[in-house]
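Asks: Handing you a structure now.
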There are 4 protein chains.
Amino acid sequence: MSESIKKLTELFAKFPTIGQRTAGRFVFYLIGQPKENVDELVQAIQELKKNISSCPSCFQSFQAAGKSVCDICANPARSNGLLCIIEKESDLLSIESAGTYKGLYFILSPLVSYRAHVNENLRLPQLKEKIAKGTFSEIIVALNPTPEGKTMAILVERMLKETPQFPTLKITHLAKGLPVGGELEYADQETLESAFEGRK
Amino acid sequence: MSESIKKLTELFAKFPTIGQRTAGRFVFYLIGQPKENVDELVQAIQELKKNISSCPSCFQSFQAAGKSVCDICANPARSNGLLCIIEKESDLLSIESAGTYKGLYFILSPLVSYRAHVNENLRLPQLKEKIAKGTFSEIIVALNPTPEGKTMAILVERMLKETPQFPTLKITHLAKGLPVGGELEYADQETLESAFEGRK
Amino acid sequence: MSESIKKLTELFAKFPTIGQRTAGRFVFYLIGQPKENVDELVQAIQELKKNISSCPSCFQSFQAAGKSVCDICANPARSNGLLCIIEKESDLLSIESAGTYKGLYFILSPLVSYRAHVNENLRLPQLKEKIAKGTFSEIIVALNPTPEGKTMAILVERMLKETPQFPTLKITHLAKGLPVGGELEYADQETLESAFEGRK
Amino acid sequence: MSESIKKLTELFAKFPTIGQRTAGRFVFYLIGQPKENVDELVQAIQELKKNISSCPSCFQSFQAAGKSVCDICANPARSNGLLCIIEKESDLLSIESAGTYKGLYFILSPLVSYRAHVNENLRLPQLKEKIAKGTFSEIIVALNPTPEGKTMAILVERMLKETPQFPTLKITHLAKGLPVGGELEYADQETLESAFEGRK
């Protein structure tokens, strides 16, 4: 296999969820594409890096172009009393597409996909500063009910409790329970308990 | 293949979740077992049918042996103000093994596994009678958030509303939300909405 | 849960591929069945044990009823020069339903599903005796190309080679290659080699 | 979501096996990468298109750099009496990594992944020309035993038969049979027949 193929296969194999075999298919796919399509891809990647920055307030990606914060942070119609702490950008997209939450966000982890051993990278200092400067009445800890998410939630709550000026903050967590399509028969004990406790 | 093998394969293939191939494996398993083991199985099946009846109050299976209702219905420590309506016996076992619910039950469907088209078999008249005779302050509709479960829930609530003597009954539903181990990124819109609404 | 239910659940959980949860579903299924159906099942199990024995020549199950060997062993139209050695009865059924093999069989393992550590149970002495008494010109070793099957194949071939009166026997193995629906891209090295070597 | 993100997500979603969600993860992955890494990726893609061309003899990708055909076609140690017809480049890589085939190749389809309705794109004219100019004694039709592969095989064989100057060519097919790890019990009828017929 030629060097160019090998090199690009290696780079694609670093993409999230992609192994060696699929990376190879990507390379053959590009080889088979007309030059215009490949140029379009290259240009789109370059545009992305030129145009996209991290919102300094919530850390989601946005197209700056003269703006200082992202559209959600800049939107006066969003409640600035509510802050939803999430792990990663794709969680923000899921919540936005559900469409009912109308407050602000904070993305806690700089990684596309969190791994438990990188606690040192969480944006806890930036979160502390954002809350201190803001006028939040409720902090929604919207981290996944997974082992990694629970670890992050503990670190967030510890920080919130240890900060003297945050005494009156209401801290909430997303409801746990049966998801749509779920079945009692296959639910674990903790989910069932939460489903009974949260009944209404 | 001999008649005896074919006949028993057919009967096992009617067992829930079992197809022709696995039914055949069951038959070969039994052929390979010593006679004592097969006798033990036959005896256990016969004992089951002799000893087990349906509790006339909640419809779970129980070993009558002189008792008129099952151990849960007969237990004075269980709250008789709470009634939890479930689809099938295995849901009752899941809730009991979670261990936090301390009220009574009612099994709505006579089938091991509910199929939407058998509405006529639901025990709605028996449920109506049980509630009329009881002293319940809360009815927990604990049916699965699946299409079948939602259909059943609608039928139960219609009956409750249409019964003149049930006006003060509190009717609740299990919390929907993220299950333990679930992730926001993969949750559907309705689950996310419920998780936000039910936060605490 | 009552004793009768617990007992029968345990017995069903010993069935091949069945776990505790499915075993429980079987029990609830039987509880829900009318008495006639359960009686029919009990009778079919008892008939099976009364009627079915192991063919003393090939070890498949058959309905004796006065016959000394199974229908395949007794069939003069089957070639008595070909012997196909298989692991278990369900392999015989697969080959018969493919319909092209017209020789005799020998089932090597007394178990429904072979596990590598039970070599001592293989019917090697009986196989040796059958070949010695027979007039076979070809022995087809039709054991699975799995680690367990390869272990069994080694034991069979060692026995055949070490038996002084078997020098002229032709020993063959099933072709290895791509199965219908298989793809070169996902085939392992050994399968690809066999597919090339056996091309025609 | 900003235009740059949307645009690149769309382009990644055209990659083989990649859907909208994974395409989005790729974009966030690139946003999170340092500029050097993204530049490295862009450069590798550009190098690929600059350096890689299709071998005019077998149609695999190769780094031309002054060479007229790929390393396999140019290698005098490869038998020029054997031609192996495969669907796509990744099949060639699989066979090469198995390491036993020492003849030449011809890649039949210009697509990374063949779909049955694009018969018009198969390189049948180029194949005909290659065989006419060559000195092949055996053509190995190494197309997948899938419905698509069988369709292609029929088209190839029809062309070979209809070409007057190809009368003495030996045409072979890869052996079908049980793959390594396969089990008789789960094999389909055609695979079993092939496994018996090809025994040795």
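So you can find residues: chains in the structure tokens are A, B, ... in the order shown, residues in each start at 1, and ligands are numbered from 1 in order.
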Would you mind listing, as a PyMOL selection string, all residues of chain A that have at least one atom within 8 Å of chain D, where only C-alpha atoms are what counts?
Replies: chain A and resi 1-5+7-8+11+15-16+25-26+28-32+35+38+41-42+44-49+51-53+61-63+89-90+110-112
Asks: Need to verify the contact set: Asp188 (chain A), 9 Å, only C-alpha atoms, exclusion of same-chain residues closer than 2 positions in sequence. Can you return it as a list in words?
Replies: Leu184, Glu185, Tyr186, Glu190, Thr191, Leu192 and Glu193 of chain A; Ser94, Ala98, Pro179 and Val180 of chain B
Asks: Tell me, in Å to one decimal, how far CA of Pro56 (chain A) is from CA of Pro125 (chain A).
Replies: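 Answer for the CA of Pro56 (chain A) to CA of Pro125 (chain A) separation: 12.8 Å.
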Asks: Can you tell me, as an MDAnalysis selection string, which residues in region 42-168 of chain A count as strand (DSSP E) by DSSP?
Replies: chainID A and resid 52:54 61:63 82:86 104:107 138:141
Asks: May I ask for the distance between CA of Ile139 (chain D) and CA of Cys55 (chain D), given in Å to one decimal place?
Replies: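 Going from CA of Ile139 (chain D) over to CA of Cys55 (chain D), I get 19.3 Å.
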Asks: What's around region 149-164 of chain C at 8 Å? Count only C-alpha atoms, leave out sequence neighbours fewer than 2 positions away in its own chain, and write the answer as an MDAnalysis selection string.
Replies: chainID C and resid 87 116 119 124 128 141 143:147 166:167
Asks: By how many Å are CA of Ile131 (chain B) and CA of Ile85 (chain B) apart?
Replies: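 Computing it gives 11.0 Å between the two atoms.
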Asks: Set the distance at 7 Å and use only C-alpha atoms: which residues neighbour Ala142 (chain C) once local chain neighbours fewer than 4 positions away are removed? I'd like the list as a list of chain:residue names.
Replies: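 Returned residues: C:Cys84, C:Ile85, C:Ile86, C:His173, C:Leu174.
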Asks: If you keep C-alpha atoms, can you produce a file of those selected residues as a PDB file, in the first residue's frame?
Replies:
ATOM      1  CA  CYS C  84     -19.989 -39.102   7.924  1.00  0.00           C
ATOM      2  CA  ILE C  85     -18.772 -38.301  11.433  1.00  0.00           C
ATOM      3  CA  ILE C  86     -20.627 -35.391  13.031  1.00  0.00           C
ATOM      4  CA  HIS C 173     -12.894 -33.232   5.373  1.00  0.00           C
ATOM      5  CA  LEU C 174     -15.653 -30.847   4.352  1.00  0.00           C
TER       6      LEU C 174
END
Asks: Step one, run DSSP on the backbone; step two, keep only residues of region 21-180 of chain C assigned to helix (DSSP H, G or I); then write them as a PyMOL selection string.
Replies: chain C and resi 21-32+35-51+71-74+89-98+116-121+124-133+147-162
Asks: Could you give me, as a list of chain:residue names, the residues within 9 Å of Phe136 (chain A), counting only C-alpha atoms and dropping anything in the same chain fewer than 2 positions from it?
Replies: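 Near neighbours after the sequence-gap exclusion: A:Asn80, A:Gly81, A:Leu82, A:Leu83, A:Ile131, A:Ala132, A:Gly134, A:Glu138, A:Ile139, A:Leu169, A:Lys170.
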Asks: Leaving out Gly103 (chain B) and any residue of its chain fewer than 2 positions from it, which residues lie within 12 Å of it when counting only C-alpha atoms, given as a ChimeraX atom specification?
Replies: /A:196 /B:58,72-85,92,95-96,99-101,105-106,135-140
